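Q: Contents of start_7.cif (mmCIF, C-alpha atoms and all ligand atoms) are below:
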data_upload
loop_
_atom_site.label_atom_id
_atom_site.label_comp_id
_atom_site.auth_asym_id
_atom_site.auth_seq_id
_atom_site.Cartn_x
_atom_site.Cartn_y
_atom_site.Cartn_z
CA MET A 515 -85.89 -21.04 -38.27
CA ASP A 516 -84.92 -22.88 -35.07
CA ASP A 517 -81.35 -23.79 -35.87
CA PRO A 518 -79.10 -21.72 -33.52
CA LEU A 519 -76.58 -21.25 -36.33
CA ASP A 520 -79.29 -19.79 -38.59
CA ILE A 521 -80.41 -17.51 -35.77
CA ALA A 522 -76.82 -16.35 -35.11
CA ASN A 523 -76.19 -15.79 -38.83
CA ASP A 524 -79.44 -13.89 -39.17
CA LEU A 525 -78.52 -11.74 -36.18
CA ALA A 526 -75.07 -11.00 -37.59
CA GLN A 527 -76.61 -10.06 -40.96
CA ARG A 528 -79.15 -7.80 -39.25
CA ILE A 529 -76.42 -6.05 -37.25
CA ARG A 530 -74.36 -5.48 -40.40
CA TRP A 531 -77.41 -4.09 -42.23
CA GLU A 532 -78.31 -1.79 -39.31
CA VAL A 533 -74.76 -0.47 -38.97
CA GLU A 534 -74.57 0.17 -42.73
CA ASN A 535 -77.91 1.95 -42.62
CA GLY A 536 -77.06 4.22 -39.73
CA VAL A 537 -79.25 2.62 -37.06
CA SER A 538 -78.22 4.08 -33.71
CA GLY A 539 -77.03 2.05 -30.74
CA TYR A 540 -73.81 0.84 -32.35
CA GLU A 541 -71.83 4.05 -31.82
CA ARG A 542 -68.32 3.87 -30.44
CA LYS A 543 -68.13 4.41 -26.69
CA LYS A 544 -66.53 7.53 -25.24
CA SER A 545 -65.90 6.38 -21.67
CA PRO A 546 -62.29 5.99 -20.57
CA ALA A 547 -63.11 2.62 -18.99
CA ALA A 548 -62.26 -0.37 -21.17
CA ALA A 549 -65.75 -1.45 -22.16
CA ALA A 550 -67.46 -1.10 -18.85
CA ASP A 551 -70.35 0.95 -20.17
CA ALA A 552 -71.11 -1.19 -23.23
CA PRO A 553 -74.85 -1.90 -23.11
CA ALA A 554 -75.36 -5.58 -22.29
CA GLU A 555 -77.47 -6.18 -25.44
CA GLN A 556 -74.73 -4.72 -27.61
CA THR A 557 -72.15 -7.08 -26.10
CA ILE A 558 -74.49 -10.05 -26.59
CA ASP A 559 -75.11 -9.06 -30.22
CA LYS A 560 -71.39 -8.75 -30.91
CA LYS A 561 -70.73 -12.04 -29.17
CA ALA A 562 -73.39 -13.70 -31.33
CA ALA A 563 -72.01 -12.10 -34.48
CA LEU A 564 -68.49 -13.33 -33.64
CA ALA A 565 -69.87 -16.80 -32.91
CA ALA A 566 -71.64 -16.79 -36.30
CA LEU A 567 -68.42 -15.75 -38.01
CA ARG A 568 -66.55 -18.56 -36.22
CA GLN A 569 -69.20 -20.99 -37.48
CA GLU A 570 -68.80 -19.65 -41.00
CA LEU A 571 -65.02 -20.23 -40.80
CA GLY A 572 -65.84 -23.81 -39.83
CA ASP A 573 -63.22 -26.53 -40.08
CA CYS A 574 -61.43 -24.35 -42.60
CA GLU A 575 -59.45 -25.79 -45.52
CA ARG A 576 -59.38 -22.62 -47.62
CA CYS A 577 -55.55 -22.54 -47.75
CA GLY A 578 -52.67 -24.94 -47.19
CA LEU A 579 -52.08 -23.90 -43.58
CA HIS A 580 -54.85 -26.23 -42.41
CA LYS A 581 -52.63 -29.24 -43.19
CA GLY A 582 -50.24 -28.50 -40.33
CA ARG A 583 -52.57 -27.11 -37.73
CA THR A 584 -53.70 -28.59 -34.45
CA LYS A 585 -56.34 -25.94 -33.61
CA ILE A 586 -57.76 -22.92 -35.37
CA VAL A 587 -56.91 -19.80 -33.34
CA PHE A 588 -59.92 -17.60 -34.06
CA GLY A 589 -59.46 -14.84 -31.48
CA ALA A 590 -60.26 -14.17 -27.84
CA GLY A 591 -61.38 -11.38 -25.57
CA ASN A 592 -64.05 -8.78 -25.08
CA PRO A 593 -66.53 -8.51 -28.00
CA SER A 594 -67.12 -4.86 -26.99
CA ALA A 595 -63.42 -4.03 -26.68
CA ARG A 596 -62.34 -0.49 -27.47
CA LEU A 597 -58.90 -1.85 -28.32
CA VAL A 598 -58.04 -4.81 -30.57
CA PHE A 599 -54.57 -6.30 -31.09
CA VAL A 600 -53.86 -8.05 -34.39
CA GLY A 601 -50.85 -10.36 -34.67
CA GLU A 602 -49.69 -12.21 -37.76
CA GLY A 603 -50.50 -15.84 -36.99
CA PRO A 604 -50.44 -18.44 -34.23
CA GLY A 605 -47.19 -19.92 -32.94
CA GLN A 606 -46.71 -23.39 -31.52
CA GLN A 607 -48.36 -22.82 -28.14
CA GLU A 608 -51.26 -20.99 -29.72
CA ASP A 609 -51.70 -23.82 -32.24
CA GLU A 610 -51.85 -26.32 -29.37
CA SER A 611 -54.17 -24.29 -27.12
CA GLY A 612 -56.37 -22.52 -29.71
CA ILE A 613 -55.80 -19.23 -27.85
CA PRO A 614 -53.86 -16.27 -29.33
CA PHE A 615 -50.69 -14.95 -27.70
CA VAL A 616 -50.20 -17.45 -24.89
CA GLY A 617 -46.47 -18.08 -25.35
CA ARG A 618 -43.57 -15.86 -24.28
CA ALA A 619 -44.62 -13.13 -26.70
CA GLY A 620 -48.10 -13.37 -25.18
CA GLU A 621 -46.75 -12.86 -21.66
CA LEU A 622 -45.02 -9.71 -22.85
CA LEU A 623 -48.19 -8.58 -24.60
CA ASN A 624 -50.08 -9.01 -21.31
CA LYS A 625 -47.54 -6.72 -19.62
CA ILE A 626 -47.92 -4.14 -22.38
CA ILE A 627 -51.71 -4.25 -21.96
CA ASN A 628 -51.38 -3.85 -18.18
CA ALA A 629 -48.97 -0.94 -18.64
CA ILE A 630 -51.66 1.14 -20.36
CA GLY A 631 -54.14 0.48 -17.58
CA LEU A 632 -56.06 -2.47 -19.03
CA ASP A 633 -56.36 -6.18 -18.38
CA ARG A 634 -56.25 -8.82 -21.09
CA ASP A 635 -59.98 -9.43 -20.61
CA ASP A 636 -60.69 -5.82 -21.58
CA VAL A 637 -59.25 -6.14 -25.08
CA TYR A 638 -59.73 -8.48 -28.03
CA ILE A 639 -56.77 -10.32 -29.57
CA CYS A 640 -56.65 -12.05 -32.94
CA ASN A 641 -54.34 -12.73 -35.88
CA VAL A 642 -54.42 -12.15 -39.62
CA VAL A 643 -54.21 -15.91 -40.26
CA LYS A 644 -55.94 -18.38 -37.95
CA CYS A 645 -53.66 -21.41 -38.49
CA ARG A 646 -49.99 -21.70 -37.62
CA PRO A 647 -47.58 -21.10 -40.53
CA PRO A 648 -44.88 -23.82 -40.66
CA ASN A 649 -41.83 -22.93 -38.55
CA ASN A 650 -43.49 -19.62 -37.70
CA ARG A 651 -42.73 -18.17 -41.14
CA ASP A 652 -44.59 -15.07 -42.30
CA PRO A 653 -47.99 -15.89 -43.80
CA LEU A 654 -47.96 -15.96 -47.61
CA PRO A 655 -50.15 -13.59 -49.66
CA GLU A 656 -52.48 -16.45 -50.68
CA GLU A 657 -52.92 -17.32 -46.99
CA THR A 658 -53.61 -13.75 -45.85
CA GLY A 659 -55.85 -13.35 -48.91
CA MET A 660 -58.06 -16.24 -47.76
CA CYS A 661 -57.97 -15.69 -44.01
CA GLY A 662 -57.50 -11.93 -43.64
CA PRO A 663 -61.11 -11.09 -44.59
CA PHE A 664 -62.25 -13.02 -41.48
CA MET A 665 -60.03 -10.78 -39.32
CA LYS A 666 -61.46 -7.72 -41.07
CA ARG A 667 -64.96 -8.91 -40.25
CA GLN A 668 -63.94 -9.41 -36.62
CA LEU A 669 -62.92 -5.74 -36.61
CA GLU A 670 -66.20 -4.73 -38.27
CA ILE A 671 -68.22 -6.56 -35.62
CA ILE A 672 -66.21 -5.35 -32.62
CA SER A 673 -65.81 -1.88 -34.11
CA PRO A 674 -63.01 -0.83 -31.75
CA GLU A 675 -61.74 2.71 -31.49
CA VAL A 676 -58.12 1.62 -31.73
CA VAL A 677 -56.39 -1.33 -33.43
CA VAL A 678 -52.75 -2.16 -32.66
CA CYS A 679 -51.04 -4.15 -35.42
CA LEU A 680 -48.26 -6.25 -33.93
CA GLY A 681 -45.42 -6.59 -36.41
CA ARG A 682 -44.86 -6.03 -40.10
CA PRO A 683 -47.13 -8.71 -41.66
CA SER A 684 -50.12 -7.54 -39.63
CA ALA A 685 -49.47 -3.84 -40.25
CA GLN A 686 -48.88 -4.31 -43.97
CA TYR A 687 -52.02 -6.40 -44.37
CA VAL A 688 -54.31 -4.10 -42.36
CA LEU A 689 -52.94 -0.97 -44.03
CA ASP A 690 -52.65 -2.60 -47.47
CA THR A 691 -49.11 -1.38 -47.97
CA SER A 692 -45.61 -2.75 -48.44
CA ARG A 693 -43.93 0.05 -46.43
CA PRO A 694 -41.59 -1.16 -43.66
CA ILE A 695 -42.87 -1.31 -40.08
CA GLY A 696 -40.26 1.27 -39.00
CA LYS A 697 -41.93 3.81 -41.29
CA LEU A 698 -45.50 2.81 -40.39
CA ARG A 699 -45.21 2.87 -36.59
CA GLY A 700 -45.22 6.00 -34.44
CA HIS A 701 -48.51 7.46 -35.63
CA PHE A 702 -52.13 6.50 -36.18
CA HIS A 703 -53.52 5.53 -39.57
CA ASP A 704 -57.24 5.85 -40.24
CA VAL A 705 -58.90 2.65 -41.46
CA ASP A 706 -62.68 2.82 -41.75
CA GLY A 707 -62.88 5.21 -38.80
CA MET A 708 -60.60 3.11 -36.59
CA LYS A 709 -57.28 4.46 -35.38
CA VAL A 710 -54.65 1.91 -36.38
CA MET A 711 -51.28 1.94 -34.62
CA PRO A 712 -48.63 -0.37 -36.06
CA THR A 713 -45.86 -1.32 -33.65
CA PHE A 714 -43.13 -3.91 -33.26
CA HIS A 715 -44.17 -7.48 -32.49
CA PRO A 716 -43.61 -8.62 -28.86
CA ALA A 717 -41.50 -11.55 -30.16
CA TYR A 718 -39.19 -8.98 -31.79
CA LEU A 719 -39.05 -7.08 -28.49
CA LEU A 720 -37.89 -10.25 -26.74
CA ARG A 721 -34.88 -10.31 -29.06
CA ASN A 722 -34.30 -6.55 -29.35
CA GLU A 723 -34.22 -4.63 -26.10
CA SER A 724 -33.81 -1.37 -28.06
CA ALA A 725 -37.30 -1.75 -29.56
CA LYS A 726 -38.93 -1.34 -26.13
CA ARG A 727 -38.75 2.44 -26.16
CA PRO A 728 -40.51 2.92 -29.53
CA VAL A 729 -43.17 0.37 -28.55
CA TRP A 730 -43.81 2.26 -25.32
CA GLU A 731 -44.04 5.53 -27.29
CA ASP A 732 -46.64 3.89 -29.57
CA MET A 733 -48.57 2.45 -26.63
CA LYS A 734 -48.64 5.82 -24.84
CA MET A 735 -50.38 7.24 -27.91
CA VAL A 736 -52.86 4.35 -27.76
CA ARG A 737 -53.42 4.94 -24.04
CA ASP A 738 -54.02 8.65 -24.60
CA ALA A 739 -56.36 8.05 -27.56
CA LEU A 740 -58.47 5.85 -25.28
CA GLY A 741 -58.31 8.32 -22.39
CA LEU A 742 -56.69 5.70 -20.15
CA ARG A 743 -54.25 6.23 -17.34
CA GLU A 744 -50.90 4.54 -16.95
CA ARG A 745 -51.03 1.82 -14.31
CA GLY A 746 -48.51 1.93 -11.49
CA PRO A 747 -46.59 -1.12 -10.24
CA ARG A 748 -48.89 -4.00 -9.22
N1 LIG A 801 -47.45 -14.36 -32.60
C1 LIG A 801 -48.53 -13.92 -33.28
O1 LIG A 801 -48.43 -13.13 -34.21
N2 LIG A 801 -49.71 -14.35 -32.87
C2 LIG A 801 -49.89 -15.21 -31.84
O2 LIG A 801 -51.02 -15.55 -31.54
C3 LIG A 801 -48.72 -15.64 -31.17
C4 LIG A 801 -47.53 -15.20 -31.56
#
Rewrite the structure from the file as structure tokens, please.
Ligand code: URA

A:
Amino acid sequence: MDDPLDIANDLAQRIRWEVENGVSGYERKKSPAAAADAPAEQTIDKKAALAALRQELGDCERCGLHKGRTKIVFGAGNPSARLVFVGEGPGQQEDESGIPFVGRAGELLNKIINAIGLDRDDVYICNVVKCRPPNNRDPLPEETGMCGPFMKRQLEIISPEVVVCLGRPSAQYVLDTSRPIGKLRGHFHDVDGMKVMPTFHPAYLLRNESAKRPVWEDMKMVRDALGLRERGPR
């Protein structure tokens, strides 16, 4: 089996089997540092597993969103991240660049990440759907139904301690609920051993100054759960 894709798929399958069967070495890290103490092999394995998943997604045509896309926005960041952000779906700039959260909302997200003592490279960022919904509308249930399982597998591979869901569609999909974001935010929800914190989307923050305080309250809980320190002015 010399095909690199076969090797990557085989590796990803092995990792999944080992995790499911309690093989040690995949435990969540306790260090306050972002992912600094992740063993190198573990990071390589996760990187390979994410690459295999990206290959499996392929030139996806599983739902109608593919018709309007420029690039698939799979996800970006540290495969050993202790913290993952999940948005709803790419916007125009993300669709053009193939990178999540690079527009104005992304700039604000970077500031939020910095405020809890991390850099963007420390975390992993992805979306529930990987192709841009037309006119930035919310993804439809048939679209999240097709694409969302790929995001869930990204979480399985990375196995972060904390997941922040940015906005209602992300929070409702990850938590499998129809409750409003205002009721979901403000506390952690347990999902498969991960602490999930729903909060308002940065694009909403750009339009609603008053949402900044609750988002900061949510992010302080995330910071404390990760044992991080607030970062002073830079
Ligand atoms: N909004 C999202 O939900 N995701 C992005 O990647 C960009 C904006």

Q: Quick one, how far is atom CA of A:Gly605 from atom CA of A:Lys666?

A: 20.5 Å

Q: Compare A:Lys585, A:Arg699, A:Arg745, A:Arg596 by their minimum atom-to-atom distance to A:Val729, counting only C-alpha atoms, and give me the closest one.

A: A:Arg699

Q: As a PDB file with C-alpha atoms, in the frame of the given file, please: the residues near stretch 612-618 of chain A (cut-off 8 Å, all atoms listed in the file, same-chain neighbours under 4 positions excluded).

A:
ATOM      1  CA  LYS A 585     -56.340 -25.940 -33.610  1.00  0.00           C
ATOM      2  CA  ILE A 586     -57.760 -22.920 -35.370  1.00  0.00           C
ATOM      3  CA  VAL A 587     -56.910 -19.800 -33.340  1.00  0.00           C
ATOM      4  CA  PHE A 588     -59.920 -17.600 -34.060  1.00  0.00           C
ATOM      5  CA  GLY A 589     -59.460 -14.840 -31.480  1.00  0.00           C
ATOM      6  CA  ALA A 590     -60.260 -14.170 -27.840  1.00  0.00           C
ATOM      7  CA  PRO A 604     -50.440 -18.440 -34.230  1.00  0.00           C
ATOM      8  CA  GLY A 605     -47.190 -19.920 -32.940  1.00  0.00           C
ATOM      9  CA  GLN A 607     -48.360 -22.820 -28.140  1.00  0.00           C
ATOM     10  CA  GLU A 608     -51.260 -20.990 -29.720  1.00  0.00           C
ATOM     11  CA  LEU A 622     -45.020  -9.710 -22.850  1.00  0.00           C
ATOM     12  CA  LEU A 623     -48.190  -8.580 -24.600  1.00  0.00           C
ATOM     13  CA  ILE A 639     -56.770 -10.320 -29.570  1.00  0.00           C
ATOM     14  CA  CYS A 640     -56.650 -12.050 -32.940  1.00  0.00           C
ATOM     15  CA  ASN A 641     -54.340 -12.730 -35.880  1.00  0.00           C
ATOM     16  CA  ALA A 717     -41.500 -11.550 -30.160  1.00  0.00           C
TER      17      ALA A 717
END

Q: Between A:Val710, A:Ile630, A:Ile672, A:Val598, which one has atoms that come closest to A:Ala552, using all atoms listed in the file?

A: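 Of A:Val710, A:Ile630, A:Ile672, A:Val598, the one nearest A:Ala552, counting all atoms listed in the file, is A:Ile672.
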
Q: Pick the closest to ligand LIG 801 (chain A) from A:Lys560, A:Arg651, A:His701, A:Arg568: which is it, counting all atoms listed in the file?

A: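 Among the listed residues, the smallest separation from ligand LIG 801 (chain A) belongs to A:Arg651.
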
Q: With 8 Å on each side, where is the centre of the axis-aligned box around all listed atoms of ligand LIG 801 (chain A), and how long are its edges in Å to one decimal, as AutoDock Vina command-line options?

A:
--center_x -49.2 --center_y -14.4 --center_z -32.7 --size_x 19.6 --size_y 18.5 --size_z 19.0

Q: So, counting only C-alpha atoms and all ligand atoms, which residue among A:Asn628, A:Gln668, A:Ser684, A:Gln556 is closest to ligand LIG 801 (chain A)?

A: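 Selected residue with least distance to ligand LIG 801 (chain A): A:Ser684.
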
Q: Atom CA of A:Leu567 to atom CA of A:Arg583: how many Å, to one decimal?

A: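 Going from atom CA of A:Leu567 over to atom CA of A:Arg583 covers 19.5 Å.
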
Q: Using all atoms listed in the file, can you tell me which of A:Gly662, A:Gly591, A:Gly631, A:Gly601 comes closest to A:Thr713?

A: A:Gly601

Q: Measuring between all atoms listed in the file, which one of A:Phe714, A:Phe664, A:Phe702, A:Trp730 shows the shortest distance to ligand LIG 801 (chain A)?

A: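 Among A:Phe714, A:Phe664, A:Phe702, A:Trp730, it is A:Phe714 that comes nearest to ligand LIG 801 (chain A).
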
Q: Show which residues sit within 10 Å of stretch 731-734 of chain A, as a ChimeraX atom specification. Count all atoms listed in the file, and ignore same-chain residues fewer than 4 positions away.

A: /A:626-627,629-630,678,699-702,711-714,726-727,738-740,742-744

Q: Could you check how far atom CA of A:Leu632 sits from atom CA of A:Cys679, in Å to one decimal?

A: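 Atom CA of A:Cys679 lies 17.2 Å from atom CA of A:Leu632.
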
Q: Please rebuild stretch 657-668 of chain A with all heavy atoms and give the result as a JSON list (two decimals), in the coordinates of the input.

A:
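The file below, out.json, is the result:
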[["chain", "number", "residue", "atom", "x", "y", "z"],
["A", 657, "GLU", "N", -52.35, -16.96, -48.30],
["A", 657, "GLU", "CA", -52.92, -17.32, -46.99],
["A", 657, "GLU", "C", -53.62, -16.11, -46.36],
["A", 657, "GLU", "O", -54.75, -16.22, -45.87],
["A", 657, "GLU", "CB", -51.81, -17.87, -46.08],
["A", 657, "GLU", "CG", -51.23, -19.18, -46.60],
["A", 657, "GLU", "CD", -49.82, -19.50, -46.12],
["A", 657, "GLU", "OE1", -49.21, -18.67, -45.40],
["A", 657, "GLU", "OE2", -49.31, -20.59, -46.47],
["A", 658, "THR", "N", -52.95, -14.95, -46.40],
["A", 658, "THR", "CA", -53.61, -13.75, -45.85],
["A", 658, "THR", "C", -54.83, -13.39, -46.71],
["A", 658, "THR", "O", -55.82, -12.91, -46.18],
["A", 658, "THR", "CB", -52.64, -12.55, -45.78],
["A", 658, "THR", "OG1", -52.10, -12.31, -47.07],
["A", 658, "THR", "CG2", -51.51, -12.78, -44.81],
["A", 659, "GLY", "N", -54.73, -13.66, -48.01],
["A", 659, "GLY", "CA", -55.85, -13.35, -48.91],
["A", 659, "GLY", "C", -57.10, -14.14, -48.55],
["A", 659, "GLY", "O", -58.22, -13.64, -48.67],
["A", 660, "MET", "N", -56.92, -15.39, -48.13],
["A", 660, "MET", "CA", -58.06, -16.24, -47.76],
["A", 660, "MET", "C", -58.56, -15.93, -46.35],
["A", 660, "MET", "O", -59.76, -15.88, -46.09],
["A", 660, "MET", "CB", -57.64, -17.72, -47.79],
["A", 660, "MET", "CG", -57.50, -18.28, -49.17],
["A", 660, "MET", "SD", -59.13, -18.34, -49.93],
["A", 660, "MET", "CE", -58.68, -18.80, -51.59],
["A", 661, "CYS", "N", -57.61, -15.75, -45.43],
["A", 661, "CYS", "CA", -57.97, -15.69, -44.01],
["A", 661, "CYS", "C", -58.19, -14.25, -43.51],
["A", 661, "CYS", "O", -59.02, -14.01, -42.63],
["A", 661, "CYS", "CB", -56.84, -16.34, -43.21],
["A", 661, "CYS", "SG", -57.37, -17.08, -41.67],
["A", 662, "GLY", "N", -57.43, -13.31, -44.10],
["A", 662, "GLY", "CA", -57.50, -11.93, -43.64],
["A", 662, "GLY", "C", -58.90, -11.34, -43.61],
["A", 662, "GLY", "O", -59.25, -10.60, -42.67],
["A", 663, "PRO", "N", -59.75, -11.65, -44.62],
["A", 663, "PRO", "CA", -61.11, -11.09, -44.59],
["A", 663, "PRO", "C", -61.88, -11.49, -43.32],
["A", 663, "PRO", "O", -62.75, -10.73, -42.87],
["A", 663, "PRO", "CB", -61.75, -11.67, -45.85],
["A", 663, "PRO", "CG", -60.60, -11.85, -46.79],
["A", 663, "PRO", "CD", -59.45, -12.28, -45.93],
["A", 664, "PHE", "N", -61.58, -12.65, -42.74],
["A", 664, "PHE", "CA", -62.25, -13.02, -41.48],
["A", 664, "PHE", "C", -61.81, -12.08, -40.35],
["A", 664, "PHE", "O", -62.62, -11.66, -39.53],
["A", 664, "PHE", "CB", -61.96, -14.49, -41.12],
["A", 664, "PHE", "CG", -62.76, -15.45, -41.96],
["A", 664, "PHE", "CD1", -62.25, -15.95, -43.15],
["A", 664, "PHE", "CD2", -64.05, -15.81, -41.58],
["A", 664, "PHE", "CE1", -63.00, -16.80, -43.94],
["A", 664, "PHE", "CE2", -64.80, -16.68, -42.36],
["A", 664, "PHE", "CZ", -64.28, -17.17, -43.55],
["A", 665, "MET", "N", -60.51, -11.73, -40.33],
["A", 665, "MET", "CA", -60.03, -10.78, -39.32],
["A", 665, "MET", "C", -60.70, -9.42, -39.53],
["A", 665, "MET", "O", -61.12, -8.77, -38.57],
["A", 665, "MET", "CB", -58.50, -10.69, -39.41],
["A", 665, "MET", "CG", -57.85, -9.74, -38.42],
["A", 665, "MET", "SD", -57.86, -8.05, -38.98],
["A", 665, "MET", "CE", -56.78, -8.16, -40.40],
["A", 666, "LYS", "N", -60.82, -9.02, -40.81],
["A", 666, "LYS", "CA", -61.46, -7.72, -41.07],
["A", 666, "LYS", "C", -62.90, -7.72, -40.58],
["A", 666, "LYS", "O", -63.40, -6.71, -40.07],
["A", 666, "LYS", "CB", -61.40, -7.39, -42.56],
["A", 666, "LYS", "CG", -60.01, -6.99, -43.01],
["A", 666, "LYS", "CD", -60.02, -6.53, -44.44],
["A", 666, "LYS", "CE", -58.61, -6.10, -44.87],
["A", 666, "LYS", "NZ", -58.50, -5.92, -46.31],
["A", 667, "ARG", "N", -63.57, -8.85, -40.73],
["A", 667, "ARG", "CA", -64.96, -8.91, -40.25],
["A", 667, "ARG", "C", -65.01, -8.94, -38.72],
["A", 667, "ARG", "O", -65.96, -8.42, -38.12],
["A", 667, "ARG", "CB", -65.68, -10.09, -40.89],
["A", 667, "ARG", "CG", -66.06, -9.71, -42.34],
["A", 667, "ARG", "CD", -66.55, -10.86, -43.12],
["A", 667, "ARG", "NE", -67.78, -11.44, -42.57],
["A", 667, "ARG", "CZ", -68.27, -12.61, -42.95],
["A", 667, "ARG", "NH1", -67.63, -13.32, -43.86],
["A", 667, "ARG", "NH2", -69.38, -13.07, -42.42],
["A", 668, "GLN", "N", -64.00, -9.51, -38.09],
["A", 668, "GLN", "CA", -63.94, -9.41, -36.62],
["A", 668, "GLN", "C", -63.86, -7.93, -36.21],
["A", 668, "GLN", "O", -64.54, -7.50, -35.28],
["A", 668, "GLN", "CB", -62.71, -10.19, -36.08],
["A", 668, "GLN", "CG", -62.91, -11.70, -36.11],
["A", 668, "GLN", "CD", -61.64, -12.46, -35.77],
["A", 668, "GLN", "OE1", -60.65, -12.36, -36.49],
["A", 668, "GLN", "NE2", -61.65, -13.22, -34.69]]
